[in-house]
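S.K.: Following this message is one structure expressed as C-alpha cells.
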Protein chains: 2
Amino acid sequence: MADAFMSDFATRAIAERLFFGYRAFTGDADRVLASRGLGRAHHRALYFIERAGSIPVHELLATLGITKQALTRVLRELMDARLVERRRDPTDGRRGILTLTDAGRALELSLLHAQRARIESALQRAGPSGSAAVHAFLEALMEPDDRERIGTTL
Amino acid sequence: MADAFMSDFATRAIAERLFFGYRAFTGDADRVLASRGLGRAHHRALYFIERAGSIPVHELLATLGITKQALTRVLRELMDARLVERRRDPTDGRRGILTLTDAGRALELSLLHAQRARIESALQRAGPSGSAAVHAFLEALMEPDDRERIGTTL
DNA sequence: ATAAATGCGTCAGCCATGTTGACGTTTCTA
DNA sequence: TAGAAACGTCAACATGGCTGACGCATTTAT
C-alpha cells in the first residue's frame, strides 16, 4: 500500500516552526552583520570559506547555489574589507582559492557565537536523545547533493 | 557555575543543517510559485491567512514582521489574482480583514502539499520519539513572541 | 461636536540580493 | 596552436525588503 500522507495539520506544525525558527536563527547574525555594514550573503560566504579552511571558487558557488555574478559582488566587498583573500590554485592557474584573513576568521566566529546560545538552548529543550533526532531530521530535509557538503555529527 | 557553551563544531553542525534544510524546504514551494508568477512573499501571506481562516491586516503584519508597504504590494498582487479578498472589520471600519478565495485556498494547499513529502520523510528519519524533539527544538529556536502565533502539536 | 489619534492604502525612492546575457583574459588541454 | 575552461566584470533587470511622506476614513477622547 502506498504511503498515506501526513495530515495538513501536522505539515503546518512543522512548516511554521521552520519559518519562525529559521528567522530567529538568522536574525541573531543579521544584527551583528548590520553593525558592520554587511548582509546575510556575506555571512554565508564567510561561513563556508571558514568551514573549508580554504575553498575553490567553483565549490563555493556550488555550495551557495548562486551565480558567479552574485558571488563576485559579495567577494569583492569582503576582499575590500580585508576579510577574504583570493589566490590562485598552483595546480591550475585558472582557478581561484579563497581563504579568510585573521579579521575574517574573527568576524565569522563572532557571527557563529551570536547564534550559539539560541542553538544550544533549543537543543537542550530537545533533550539528550532529541539532539540526534534533530540532526537526522534536518539532514533528511536537505537536498541529497547538499548532504555531501556537511560534516558528520559524531 | 555558568553554562559552558557548546563547541563551535557542534554549533556549525546545526547551523549548516538549518541552512541547507530550510533552503530545500522553501525550494519545493518556490517551484510551484514560479509557475504561477508568484514569489515566496506571496506564499507566506497565503499561508498565514489560510491558517487563521481570516486575519486582520495588522496581525498579518506582526506575524510576517514586514512593513505595511511591503505587505501592500504583495496583497495587491494576490487580490488582482483573485486569491485574496479584503473586507472591513464590522466592529472597526478602519481595520481590514483578509480571507482567501476558493482559488487562494486551493493554491495554498497545493503549496503545502509540495512541501509535505519532504517533511514527512524527514520526520520519519527522526523516528517516532524524535518528532517531539524536532517540534521542541524548532519552538525553542523561535522568538518568544512568535511562539504565540503557532498551533500546539499535541 | 469637534479635535486628535488610529489604521490603513499609496506614492516615491532606495537598498540588498538574486537573475541573464555578453565579453575579455588567462590558463590548461587536446 | 586552436579550443575549451574558469574566471572576473559590466550592464540591465526582478524580487522583496526599507523609510518617509501624504491622504482618507473612522474611531476615540475632550
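In the C-alpha cells, chains take the letters A, B, ... in the order shown, each chain's residues start at 1, and ligands count up from 1 in the order shown.
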For chain A, report every residue with an atom at most 9 Å from chain C (counting only C-alpha atoms (C1' of nucleotides)), formatted as a list in words.

M.R.: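 Selected residues: Gly39, Ala41, Ile66, Thr67, Ala70, Asp92, Gly93 and Arg94 of chain A.
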
S.K.: For the structure I just gave you, how does DSSP split region 68-123 of chain A - specifically, which residues are alpha helix (DSSP H)? Reply as an NGL selection string.

M.R.: :A and (68-80 or 102-123)

S.K.: Can you work out which residues from chain A touch chain B at a cut-off of 7 Å (counting only C-alpha atoms) and hand them back as a ChimeraX atom specification?

M.R.: /A:6,11,13,16-18,20-21,24-25,116,118-120,122-123,125-127,130,133-134,136-143,146,150-151,153

S.K.: Using N, CA and C atoms, can you write the selected residues to a file as a compact mmCIF listing (two decimals), in the first residue's frame?

M.R.:
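Contents of out.txt, freshly written:
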# COMPACT_ATOMS: atom_id res chain seq x y z
N MET A 6 0.94 12.45 5.62
CA MET A 6 0.66 13.03 6.93
C MET A 6 -0.42 14.10 6.78
N THR A 11 1.62 18.85 8.91
CA THR A 11 2.54 19.50 7.98
C THR A 11 2.71 20.98 8.34
N ALA A 13 2.30 22.31 11.24
CA ALA A 13 3.01 22.44 12.51
C ALA A 13 4.51 22.55 12.27
N GLU A 16 5.43 26.02 9.95
CA GLU A 16 5.50 27.31 10.65
C GLU A 16 6.63 27.35 11.68
N ARG A 17 6.94 26.21 12.27
CA ARG A 17 8.08 26.17 13.19
C ARG A 17 9.40 26.39 12.44
N LEU A 18 9.48 25.84 11.26
CA LEU A 18 10.68 26.08 10.44
C LEU A 18 10.79 27.56 10.07
N PHE A 20 9.47 30.35 11.55
CA PHE A 20 9.81 31.22 12.68
C PHE A 20 11.17 30.87 13.26
N GLY A 21 11.48 29.60 13.31
CA GLY A 21 12.76 29.17 13.88
C GLY A 21 13.93 29.66 13.03
N ALA A 24 14.47 33.44 13.40
CA ALA A 24 15.14 33.84 14.63
C ALA A 24 16.62 33.50 14.57
N PHE A 25 16.91 32.33 14.03
CA PHE A 25 18.29 31.86 13.89
C PHE A 25 19.13 32.83 13.05
N ARG A 116 25.02 30.86 18.81
CA ARG A 116 25.28 29.68 19.62
C ARG A 116 24.31 29.49 20.78
N ARG A 118 21.26 30.44 21.24
CA ARG A 118 19.93 30.04 20.80
C ARG A 118 19.91 28.57 20.39
N ILE A 119 20.92 28.16 19.65
CA ILE A 119 21.00 26.78 19.21
C ILE A 119 21.17 25.85 20.41
N GLU A 120 22.04 26.25 21.30
CA GLU A 120 22.29 25.41 22.47
C GLU A 120 21.04 25.20 23.31
N ALA A 122 18.00 25.50 22.37
CA ALA A 122 17.00 24.74 21.62
C ALA A 122 17.31 23.25 21.66
N LEU A 123 18.59 22.93 21.56
CA LEU A 123 18.98 21.51 21.63
C LEU A 123 18.70 20.94 23.01
N ARG A 125 16.31 21.84 24.93
CA ARG A 125 14.88 21.61 25.01
C ARG A 125 14.49 20.33 24.28
N ALA A 126 15.28 19.97 23.26
CA ALA A 126 15.00 18.73 22.52
C ALA A 126 15.39 17.50 23.35
N GLY A 127 16.24 17.69 24.31
CA GLY A 127 16.65 16.57 25.15
C GLY A 127 17.86 15.85 24.58
N GLY A 130 17.07 13.68 21.82
CA GLY A 130 16.43 14.51 20.80
C GLY A 130 17.42 15.17 19.87
N ALA A 133 17.90 13.21 16.87
CA ALA A 133 16.71 13.27 16.04
C ALA A 133 16.68 14.57 15.24
N VAL A 134 17.10 15.67 15.87
CA VAL A 134 17.11 16.96 15.18
C VAL A 134 18.11 16.93 14.02
N ALA A 136 19.13 14.31 12.42
CA ALA A 136 18.62 13.40 11.39
C ALA A 136 17.50 14.07 10.60
N PHE A 137 16.62 14.77 11.29
CA PHE A 137 15.51 15.46 10.63
C PHE A 137 16.02 16.49 9.62
N LEU A 138 16.92 17.34 10.07
CA LEU A 138 17.41 18.40 9.20
C LEU A 138 18.20 17.84 8.02
N GLU A 139 18.96 16.80 8.28
CA GLU A 139 19.71 16.17 7.19
C GLU A 139 18.79 15.57 6.15
N ALA A 140 17.71 14.96 6.62
CA ALA A 140 16.76 14.34 5.69
C ALA A 140 16.00 15.40 4.90
N LEU A 141 15.89 16.59 5.49
CA LEU A 141 15.18 17.68 4.82
C LEU A 141 15.99 18.20 3.62
N MET A 142 17.30 18.14 3.73
CA MET A 142 18.20 18.70 2.72
C MET A 142 18.11 17.99 1.38
N GLU A 143 18.55 18.66 0.35
CA GLU A 143 18.75 18.02 -0.95
C GLU A 143 19.92 17.04 -0.83
N ASP A 146 23.44 18.30 -1.23
CA ASP A 146 23.98 19.12 -0.16
C ASP A 146 24.46 18.28 1.02
N ILE A 150 28.16 18.71 4.22
CA ILE A 150 28.14 18.96 5.66
C ILE A 150 29.05 17.98 6.39
N GLY A 151 29.40 18.34 7.61
CA GLY A 151 30.22 17.47 8.43
C GLY A 151 29.37 16.42 9.12
N THR A 153 28.09 14.29 12.41
CA THR A 153 27.78 14.81 13.74
C THR A 153 28.72 14.27 14.80

S.K.: Taking only C-alpha atoms (C1' of nucleotides) into account, report as a list in words which residues of chain A lie within 9 Å of chain D.

M.R.: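 Every residue of chain A that passes the 9 Å test is in Val57, His58, Lys68, Gln69, Thr72, Arg94, Arg95 and Gly96 of chain A.
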
S.K.: Produce a file of the selected residues containing C-alpha atoms, as a PDB file, in the first residue's frame.

M.R.:
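This is the output file selection30.pdb:
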ATOM      1  CA  VAL A  57      35.549  29.495  -6.111  1.00  0.00           C
ATOM      2  CA  HIS A  58      33.635  26.887  -8.098  1.00  0.00           C
ATOM      3  CA  LYS A  68      29.180  33.733 -10.130  1.00  0.00           C
ATOM      4  CA  GLN A  69      27.988  37.302 -10.730  1.00  0.00           C
ATOM      5  CA  THR A  72      31.624  38.169  -7.253  1.00  0.00           C
ATOM      6  CA  ARG A  94      42.631  29.439 -13.822  1.00  0.00           C
ATOM      7  CA  ARG A  95      41.082  28.545 -10.513  1.00  0.00           C
ATOM      8  CA  GLY A  96      40.767  30.831  -7.556  1.00  0.00           C
TER       9      GLY A  96
END

S.K.: If you run DSSP on this backbone, which residues of region 4-149 of chain A come out as strand (DSSP E), and could you give them as a PyMOL selection string?

M.R.: chain A and resi 54-56+84-89+92-100

S.K.: Please superimpose chain B upon chain A, fitting all C-alpha atoms matched one to one in order, and report the result as a PDB file with C-alpha atoms, in the first residue's frame.

M.R.:
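Ended up saving to out_32.pdb:
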ATOM      1  CA  MET B   1       0.118  -0.058   0.152  1.00  0.00           C
ATOM      2  CA  ALA B   2       1.325   3.378  -0.732  1.00  0.00           C
ATOM      3  CA  ASP B   3       2.244   5.909   1.904  1.00  0.00           C
ATOM      4  CA  ALA B   4      -0.779   7.757   3.281  1.00  0.00           C
ATOM      5  CA  PHE B   5       0.440  11.339   3.563  1.00  0.00           C
ATOM      6  CA  MET B   6       0.662  13.019   6.913  1.00  0.00           C
ATOM      7  CA  SER B   7      -2.151  15.429   7.780  1.00  0.00           C
ATOM      8  CA  ASP B   8      -2.173  19.031   6.648  1.00  0.00           C
ATOM      9  CA  PHE B   9      -2.299  19.943  10.301  1.00  0.00           C
ATOM     10  CA  ALA B  10       0.909  18.076  11.085  1.00  0.00           C
ATOM     11  CA  THR B  11       2.551  19.496   7.973  1.00  0.00           C
ATOM     12  CA  ARG B  12       1.659  23.046   9.013  1.00  0.00           C
ATOM     13  CA  ALA B  13       3.001  22.443  12.499  1.00  0.00           C
ATOM     14  CA  ILE B  14       6.432  21.809  11.026  1.00  0.00           C
ATOM     15  CA  ALA B  15       6.198  24.439   8.280  1.00  0.00           C
ATOM     16  CA  GLU B  16       5.494  27.314  10.635  1.00  0.00           C
ATOM     17  CA  ARG B  17       8.078  26.184  13.184  1.00  0.00           C
ATOM     18  CA  LEU B  18      10.672  26.078  10.441  1.00  0.00           C
ATOM     19  CA  PHE B  19       9.701  29.564   9.256  1.00  0.00           C
ATOM     20  CA  PHE B  20       9.798  31.234  12.659  1.00  0.00           C
ATOM     21  CA  GLY B  21      12.748  29.187  13.875  1.00  0.00           C
ATOM     22  CA  TYR B  22      14.891  29.930  10.858  1.00  0.00           C
ATOM     23  CA  ARG B  23      14.019  33.611  11.000  1.00  0.00           C
ATOM     24  CA  ALA B  24      15.133  33.860  14.606  1.00  0.00           C
ATOM     25  CA  PHE B  25      18.274  31.872  13.876  1.00  0.00           C
ATOM     26  CA  THR B  26      19.349  34.167  11.051  1.00  0.00           C
ATOM     27  CA  GLY B  27      18.261  37.262  12.956  1.00  0.00           C
ATOM     28  CA  ASP B  28      20.968  36.765  15.580  1.00  0.00           C
ATOM     29  CA  ALA B  29      23.693  37.038  12.970  1.00  0.00           C
ATOM     30  CA  ASP B  30      21.909  39.732  10.967  1.00  0.00           C
ATOM     31  CA  ARG B  31      22.164  42.154  13.872  1.00  0.00           C
ATOM     32  CA  VAL B  32      25.926  41.701  14.092  1.00  0.00           C
ATOM     33  CA  LEU B  33      26.285  41.939  10.327  1.00  0.00           C
ATOM     34  CA  ALA B  34      24.261  45.143  10.128  1.00  0.00           C
ATOM     35  CA  SER B  35      26.629  46.807  12.594  1.00  0.00           C
ATOM     36  CA  ARG B  36      29.464  46.035  10.167  1.00  0.00           C
ATOM     37  CA  GLY B  37      27.603  47.105   7.054  1.00  0.00           C
ATOM     38  CA  LEU B  38      27.352  43.543   5.776  1.00  0.00           C
ATOM     39  CA  GLY B  39      24.453  41.281   4.920  1.00  0.00           C
ATOM     40  CA  ARG B  40      23.433  37.666   5.098  1.00  0.00           C
ATOM     41  CA  ALA B  41      25.082  36.913   1.785  1.00  0.00           C
ATOM     42  CA  HIS B  42      28.443  37.914   3.246  1.00  0.00           C
ATOM     43  CA  HIS B  43      27.854  35.686   6.237  1.00  0.00           C
ATOM     44  CA  ARG B  44      27.190  32.650   4.092  1.00  0.00           C
ATOM     45  CA  ALA B  45      30.393  33.182   2.136  1.00  0.00           C
ATOM     46  CA  LEU B  46      32.425  33.698   5.313  1.00  0.00           C
ATOM     47  CA  TYR B  47      30.876  30.619   6.850  1.00  0.00           C
ATOM     48  CA  PHE B  48      31.681  28.206   4.058  1.00  0.00           C
ATOM     49  CA  ILE B  49      35.159  29.579   3.448  1.00  0.00           C
ATOM     50  CA  GLU B  50      36.001  29.199   7.117  1.00  0.00           C
ATOM     51  CA  ARG B  51      34.406  25.816   7.289  1.00  0.00           C
ATOM     52  CA  ALA B  52      36.584  24.505   4.488  1.00  0.00           C
ATOM     53  CA  GLY B  53      39.758  26.295   5.621  1.00  0.00           C
ATOM     54  CA  SER B  54      40.219  27.306   2.006  1.00  0.00           C
ATOM     55  CA  ILE B  55      37.850  26.668  -0.858  1.00  0.00           C
ATOM     56  CA  PRO B  56      37.927  26.941  -4.660  1.00  0.00           C
ATOM     57  CA  VAL B  57      35.550  29.513  -6.093  1.00  0.00           C
ATOM     58  CA  HIS B  58      33.643  26.923  -8.089  1.00  0.00           C
ATOM     59  CA  GLU B  59      32.996  24.874  -4.974  1.00  0.00           C
ATOM     60  CA  LEU B  60      31.727  27.857  -3.032  1.00  0.00           C
ATOM     61  CA  LEU B  61      29.421  28.640  -5.942  1.00  0.00           C
ATOM     62  CA  ALA B  62      28.038  25.116  -5.898  1.00  0.00           C
ATOM     63  CA  THR B  63      27.563  25.232  -2.142  1.00  0.00           C
ATOM     64  CA  LEU B  64      25.787  28.569  -2.105  1.00  0.00           C
ATOM     65  CA  GLY B  65      23.761  27.781  -5.198  1.00  0.00           C
ATOM     66  CA  ILE B  66      24.084  31.283  -6.652  1.00  0.00           C
ATOM     67  CA  THR B  67      25.602  32.630  -9.856  1.00  0.00           C
ATOM     68  CA  LYS B  68      29.180  33.790 -10.115  1.00  0.00           C
ATOM     69  CA  GLN B  69      27.958  37.335 -10.702  1.00  0.00           C
ATOM     70  CA  ALA B  70      26.110  37.323  -7.404  1.00  0.00           C
ATOM     71  CA  LEU B  71      29.091  35.842  -5.600  1.00  0.00           C
ATOM     72  CA  THR B  72      31.620  38.188  -7.220  1.00  0.00           C
ATOM     73  CA  ARG B  73      29.900  41.235  -5.784  1.00  0.00           C
ATOM     74  CA  VAL B  74      29.871  39.710  -2.310  1.00  0.00           C
ATOM     75  CA  LEU B  75      33.503  38.601  -2.553  1.00  0.00           C
ATOM     76  CA  ARG B  76      34.662  41.978  -3.731  1.00  0.00           C
ATOM     77  CA  GLU B  77      33.109  43.654  -0.714  1.00  0.00           C
ATOM     78  CA  LEU B  78      34.650  41.039   1.568  1.00  0.00           C
ATOM     79  CA  MET B  79      38.064  41.475  -0.048  1.00  0.00           C
ATOM     80  CA  ASP B  80      37.799  45.269   0.094  1.00  0.00           C
ATOM     81  CA  ALA B  81      37.090  44.887   3.806  1.00  0.00           C
ATOM     82  CA  ARG B  82      40.173  42.665   4.165  1.00  0.00           C
ATOM     83  CA  LEU B  83      38.090  39.771   5.423  1.00  0.00           C
ATOM     84  CA  VAL B  84      38.740  37.418   2.502  1.00  0.00           C
ATOM     85  CA  GLU B  85      41.755  36.781   0.267  1.00  0.00           C
ATOM     86  CA  ARG B  86      41.859  35.240  -3.162  1.00  0.00           C
ATOM     87  CA  ARG B  87      44.884  33.499  -4.561  1.00  0.00           C
ATOM     88  CA  ARG B  88      45.444  31.168  -7.475  1.00  0.00           C
ATOM     89  CA  ASP B  89      45.350  27.441  -7.413  1.00  0.00           C
ATOM     90  CA  PRO B  90      49.004  26.415  -8.097  1.00  0.00           C
ATOM     91  CA  THR B  91      47.891  23.276  -9.912  1.00  0.00           C
ATOM     92  CA  ASP B  92      45.484  25.174 -12.189  1.00  0.00           C
ATOM     93  CA  GLY B  93      46.118  28.876 -12.566  1.00  0.00           C
ATOM     94  CA  ARG B  94      42.612  29.533 -13.841  1.00  0.00           C
ATOM     95  CA  ARG B  95      41.066  28.596 -10.543  1.00  0.00           C
ATOM     96  CA  GLY B  96      40.779  30.844  -7.555  1.00  0.00           C
ATOM     97  CA  ILE B  97      41.178  29.738  -3.966  1.00  0.00           C
ATOM     98  CA  LEU B  98      39.539  31.674  -1.180  1.00  0.00           C
ATOM     99  CA  THR B  99      40.711  31.983   2.412  1.00  0.00           C
ATOM    100  CA  LEU B 100      39.792  34.183   5.351  1.00  0.00           C
ATOM    101  CA  THR B 101      42.129  36.742   6.848  1.00  0.00           C
ATOM    102  CA  ASP B 102      42.554  36.857  10.610  1.00  0.00           C
ATOM    103  CA  ALA B 103      39.906  39.570  10.700  1.00  0.00           C
ATOM    104  CA  GLY B 104      37.619  37.397   8.590  1.00  0.00           C
ATOM    105  CA  ARG B 105      38.048  34.461  10.915  1.00  0.00           C
ATOM    106  CA  ALA B 106      37.343  36.677  13.908  1.00  0.00           C
ATOM    107  CA  LEU B 107      34.151  38.019  12.354  1.00  0.00           C
ATOM    108  CA  GLU B 108      32.949  34.605  11.265  1.00  0.00           C
ATOM    109  CA  LEU B 109      33.463  33.305  14.770  1.00  0.00           C
ATOM    110  CA  SER B 110      31.602  36.208  16.316  1.00  0.00           C
ATOM    111  CA  LEU B 111      28.698  35.518  13.955  1.00  0.00           C
ATOM    112  CA  LEU B 112      28.688  31.863  14.915  1.00  0.00           C
ATOM    113  CA  HIS B 113      28.747  32.770  18.569  1.00  0.00           C
ATOM    114  CA  ALA B 114      25.855  35.170  18.077  1.00  0.00           C
ATOM    115  CA  GLN B 115      23.818  32.129  17.084  1.00  0.00           C
ATOM    116  CA  ARG B 116      25.265  29.700  19.614  1.00  0.00           C
ATOM    117  CA  ALA B 117      23.185  30.424  22.693  1.00  0.00           C
ATOM    118  CA  ARG B 118      19.921  30.070  20.791  1.00  0.00           C
ATOM    119  CA  ILE B 119      20.999  26.804  19.201  1.00  0.00           C
ATOM    120  CA  GLU B 120      22.278  25.446  22.465  1.00  0.00           C
ATOM    121  CA  SER B 121      19.141  26.156  24.418  1.00  0.00           C
ATOM    122  CA  ALA B 122      16.984  24.781  21.610  1.00  0.00           C
ATOM    123  CA  LEU B 123      18.975  21.548  21.632  1.00  0.00           C
ATOM    124  CA  GLN B 124      18.585  21.334  25.376  1.00  0.00           C
ATOM    125  CA  ARG B 125      14.860  21.651  24.981  1.00  0.00           C
ATOM    126  CA  ALA B 126      14.976  18.761  22.525  1.00  0.00           C
ATOM    127  CA  GLY B 127      16.615  16.604  25.164  1.00  0.00           C
ATOM    128  CA  PRO B 128      19.692  14.371  25.045  1.00  0.00           C
ATOM    129  CA  SER B 129      18.310  11.803  22.626  1.00  0.00           C
ATOM    130  CA  GLY B 130      16.411  14.522  20.812  1.00  0.00           C
ATOM    131  CA  SER B 131      19.608  16.072  19.536  1.00  0.00           C
ATOM    132  CA  ALA B 132      20.266  13.100  17.286  1.00  0.00           C
ATOM    133  CA  ALA B 133      16.692  13.286  16.050  1.00  0.00           C
ATOM    134  CA  VAL B 134      17.101  16.967  15.191  1.00  0.00           C
ATOM    135  CA  HIS B 135      20.270  16.277  13.215  1.00  0.00           C
ATOM    136  CA  ALA B 136      18.614  13.407  11.393  1.00  0.00           C
ATOM    137  CA  PHE B 137      15.500  15.464  10.634  1.00  0.00           C
ATOM    138  CA  LEU B 138      17.406  18.416   9.207  1.00  0.00           C
ATOM    139  CA  GLU B 139      19.711  16.171   7.201  1.00  0.00           C
ATOM    140  CA  ALA B 140      16.766  14.336   5.716  1.00  0.00           C
ATOM    141  CA  LEU B 141      15.193  17.674   4.829  1.00  0.00           C
ATOM    142  CA  MET B 142      18.209  18.680   2.730  1.00  0.00           C
ATOM    143  CA  GLU B 143      18.782  18.007  -0.944  1.00  0.00           C
ATOM    144  CA  PRO B 144      20.893  14.850  -1.356  1.00  0.00           C
ATOM    145  CA  ASP B 145      23.655  16.806  -3.109  1.00  0.00           C
ATOM    146  CA  ASP B 146      23.984  19.103  -0.144  1.00  0.00           C
ATOM    147  CA  ARG B 147      24.373  16.215   2.267  1.00  0.00           C
ATOM    148  CA  GLU B 148      27.891  15.720   0.992  1.00  0.00           C
ATOM    149  CA  ARG B 149      28.705  19.288   1.946  1.00  0.00           C
ATOM    150  CA  ILE B 150      28.138  18.955   5.673  1.00  0.00           C
ATOM    151  CA  GLY B 151      30.219  17.452   8.461  1.00  0.00           C
ATOM    152  CA  THR B 152      29.199  14.331  10.288  1.00  0.00           C
ATOM    153  CA  THR B 153      27.742  14.696  13.738  1.00  0.00           C
ATOM    154  CA  LEU B 154      29.229  11.747  15.588  1.00  0.00           C
TER     155      LEU B 154
END
